[in-house]
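Novice: After the structure tokens below, expect a handful of questions from me.
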Amino acid sequence: MPSGKRARQQRQAAAATAPPPVRSKGVGGARARQASPRALAIGGGIALAIVIAIVLGVVLSSRGGTGGSGGVVSSSDMQGLPATGSQSWAGAVTGASEANSLFKGIPQHGLTLGDPKAPVTMELFIDAQCPVCQNYEVTQLPSIVHKYIANGKVQLHLQPWAFLGPQSFTGRRGIIAAADQNKGYEYAKLLYDNQGQEESGWLSGREMAILAASVNGLDLAKWQDDANSSSSQATASAVDKVATQKNVNSTPTVFVGPTNGKLQQATGSTYDPSQVVQALNAAIANS
């Protein structure tokens with residue numbers, strides 16, 4: 001077994017038995033990862049810097065929109081990868097089979113998962129590097145998918161926010177690009193299954209590309225183009241706008257309510273997944 005894959009499996013096994021990997025704890029449980037006022041203030045500046053870098057990469061690239069040797073995901077990041085993603089690819093990351101099967105047969109449209117006619121909507125704000133989001137995605141979301149989304153009761157809207165660091169801003173572009181092919185949820189699941197230490201530099205362009213190569217049916221050339229495009233940055237900026245409007249300052253943050261109606265926040269500063277389940281049950285009962 002390749003050493004990188006073994007390391008990922010060891011991290012995943014450790015995460016299954018360890019408490020949620022958070023930095024601070026408060027009365028009643030672990031606190032969600034919170035954005036400091038400074039992080040919120042500089043977030044727009046980081047996003048702008050990323051846009052400038054991408055534009056320069058595109059201008060300098062001989063391949064035009066692919067990003068050439070620059071951009072979020074470079075040409076060198078894509079070397080040795082299959083043209084189409086597959087869980088059977090020799091270099092597929094840990095959890096590829098499970099992630100691809102979890103969402104199989106469930107409608108996806110962009111960043112939305114589930115029947116568009118579902119009476120209840122769940123909105124989930126995440127950060128690609130957030131360790132609490134990783135805990136939620138790995139230990140809680142699969143049961144939400146099986147119990148509420150697969151049967152058409154709930155539709156899930158994913159909001160890939162970013163505040164923890166530069167790779168949060170670039171990393172979410174991989175999720176958005178996969179969502180352009182209606183495979184964003186598989187990609188996000190694999191990202192969290194293989195998450196490294198926060199702000200350690202793990203979420204590089206190469207790691208993003210390897211994750212993409214592990215998603216069944218994902219067109220990698222299109223994914224790279226989309227990750228480097230102004231369109232994915234526009235989607236990211238739209239997420240930031242919604243987060244600001246809803247006063248989101250930590251991840252994971254969940255809102256629940258009637259589809260096309262007003263959503264209410266179902267999470268507080270303390271990480272308590274049972275709050276989301278209670279909110280979903282109440283919303284379904286009232287639908």
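We label chains A, B, ... in the order they appear in the structure tokens, count residues from 1 in each chain, and number ligands from 1 in the order shown.
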List the spatial neighbours of Asp77 of chain A as a PyMOL selection string - criterion: any atom at most 7 Å away, only C-alpha atoms, same-chain residues fewer than 3 positions off excluded.
Specialist: chain A and resi 73-74+205-206+209
Novice: If you keep C-alpha atoms, can you produce a file of those selected residues as a tab-separated table (two decimals), in the first residue's frame?
Specialist:
chain	number	residue	atom	x	y	z
A	73	VAL	CA	-4.82	23.91	-10.11
A	74	SER	CA	-1.84	23.93	-12.49
A	205	GLY	CA	-3.47	21.99	-6.09
A	206	ARG	CA	-2.07	18.48	-6.48
A	209	ALA	CA	-6.59	17.13	-8.32
Novice: Find the spatial neighbours of Asn182 of chain A, counting only C-alpha atoms, within a cut-off of 8 Å - ignore same-chain residues fewer than 6 positions away - and output them as a list in words.
Specialist: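 Residues meeting the cut-off are Gln108, His109, Gly110 and Leu111 of chain A.
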Novice: Contacts between segment 214-236 of chain A and segment 65-132 of chain A, please, where a residue of segment 65-132 of chain A counts if it comes within 7 Å (with only C-alpha atoms); show its shortest atom pair and distance in Å to one decimal, rows by chain and ascending number, as JSON lines.
Specialist:
{"residue": "A:Gly65", "atom": "CA", "partner": "A:Asp225", "partner_atom": "CA", "distance": 5.9}
{"residue": "A:Thr66", "atom": "CA", "partner": "A:Asp225", "partner_atom": "CA", "distance": 4.6}
{"residue": "A:Gly67", "atom": "CA", "partner": "A:Asn228", "partner_atom": "CA", "distance": 6.1}
{"residue": "A:Gly71", "atom": "CA", "partner": "A:Asn228", "partner_atom": "CA", "distance": 5.6}
{"residue": "A:Val72", "atom": "CA", "partner": "A:Asn228", "partner_atom": "CA", "distance": 5.5}
{"residue": "A:Val73", "atom": "CA", "partner": "A:Gln224", "partner_atom": "CA", "distance": 6.3}
{"residue": "A:Ala83", "atom": "CA", "partner": "A:Leu220", "partner_atom": "CA", "distance": 5.6}
{"residue": "A:Thr84", "atom": "CA", "partner": "A:Asp219", "partner_atom": "CA", "distance": 4.9}
{"residue": "A:Gly85", "atom": "CA", "partner": "A:Leu218", "partner_atom": "CA", "distance": 4.9}
{"residue": "A:Ser86", "atom": "CA", "partner": "A:Asn216", "partner_atom": "CA", "distance": 4.2}
{"residue": "A:Gln87", "atom": "CA", "partner": "A:Ser214", "partner_atom": "CA", "distance": 4.9}
{"residue": "A:Trp89", "atom": "CA", "partner": "A:Ser214", "partner_atom": "CA", "distance": 6.9}
{"residue": "A:Ala92", "atom": "CA", "partner": "A:Ser214", "partner_atom": "CA", "distance": 4.8}
{"residue": "A:Val93", "atom": "CA", "partner": "A:Ser214", "partner_atom": "CA", "distance": 6.3}
{"residue": "A:Ala96", "atom": "CA", "partner": "A:Ser214", "partner_atom": "CA", "distance": 6.0}
{"residue": "A:Asn100", "atom": "CA", "partner": "A:Val215", "partner_atom": "CA", "distance": 6.6}
Novice: For Arg172 of chain A, find every residue with an atom within 10 Å (counting only C-alpha atoms), except residues of its own chain fewer than 6 positions away, and show them as a list in words.
Specialist: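 The residues that qualify are Ile126, Asp127, Ala128, Gln129, Gln159, Pro160, Trp161, Ala162, Ala178, Ala188, Leu191, Leu203, Met208, Ala227, Ser232, Gln233 and Ala236 of chain A.
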Novice: Select, from A:Asn260, A:Ser269, A:Thr121, A:Ser97, the residue with the minimum atom-to-atom distance to Ala283 of chain A, counting only C-alpha atoms.
Specialist: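 Looking at the shortest contact to Ala283 of chain A, the residue is A:Thr121.
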Novice: Write out as a list in words all residues of segment 76-205 of chain A that DSSP puts in strand (DSSP E) for this structure's backbone.
Specialist: Gln108, His109, Thr112, Leu113, Val120, Thr121, Met122, Glu123, Leu124, Phe125, Ile126, Asp127, Val154, Gln155, Leu156, His157, Leu158, Gln159, Pro160 and Trp161 of chain A
Novice: So, with only C-alpha atoms as the atoms that count, which of A:Asn135, A:Gln155, A:Phe163, A:Gln197 lies closest to Asp240 of chain A?
Specialist: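 Smallest separation from Asp240 of chain A among the options: A:Phe163.
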Novice: If we count only C-alpha atoms, what is near Asn194 of chain A at a cut-off of 7 Å, once residues fewer than 2 positions away on the same chain are taken out, given as a list in words?
Specialist: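 The filter keeps Arg8, Thr94, Leu190, Leu191, Tyr192 and Gly196 of chain A.
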Novice: Based on the backbone DSSP call, show me all residues of segment 122-278 of chain A assigned helix (DSSP H, G or I), as a VMD selection string.
Specialist: chain A and resid 131 to 139 141 to 149 166 to 179 184 to 193 205 to 213 220 to 227 230 to 245 274 to 278
Novice: Excluding Leu81 of chain A and its own-chain neighbours fewer than 2 positions away, which residues fall within 8 Å of it when counting only C-alpha atoms? Please give them as a list in words.
Specialist: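 Non-adjacent residues within range: Met78, Gln79, Ala83, Ile210 and Ala213 of chain A.
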Novice: Next, dump the selected residues to file, keeping only N, CA and C atoms, as a compact mmCIF listing (two decimals), in the first residue's frame.
Specialist:
# COMPACT_ATOMS: atom_id res chain seq x y z
N MET A 78 -1.90 18.16 -12.55
CA MET A 78 -2.75 17.18 -13.22
C MET A 78 -1.95 16.03 -13.84
N GLN A 79 -0.65 16.09 -13.77
CA GLN A 79 0.18 15.08 -14.43
C GLN A 79 -0.05 13.69 -13.82
N ALA A 83 -8.10 10.75 -17.28
CA ALA A 83 -8.93 11.78 -17.90
C ALA A 83 -10.28 11.88 -17.20
N ILE A 210 -5.98 15.13 -7.08
CA ILE A 210 -6.07 13.71 -6.74
C ILE A 210 -7.46 13.38 -6.20
N ALA A 213 -9.73 13.11 -9.12
CA ALA A 213 -9.50 11.87 -9.87
C ALA A 213 -10.13 10.67 -9.19
Novice: Just checking: using only C-alpha atoms, which residue out of A:Arg173, A:Lys241, A:His157, A:Lys104 ends up closest to Gly257 of chain A?
Specialist: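 Answer, going by the shortest atom-to-atom distance: A:His157.
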Novice: If we count only C-alpha atoms and set the cut-off at 8 Å, which residues sit around Tyr185 of chain A, ignoring sequence neighbours fewer than 4 positions away in its own chain? Please answer as JSON, numbers by chain.
Specialist: {"A": [103, 111, 113, 175, 179, 189]}
Novice: Measure the distance from atom CA of Cys130 of chain A to atom CA of Pro252 of chain A in Å and round it to one decimal.
Specialist: 8.1 Å
Novice: Can you work out the spacing between atom CA of Pro166 of chain A and atom CA of Ser237 of chain A in Å, to one decimal?
Specialist: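 Atom-to-atom, atom CA of Pro166 of chain A to atom CA of Ser237 of chain A, that is 14.6 Å.
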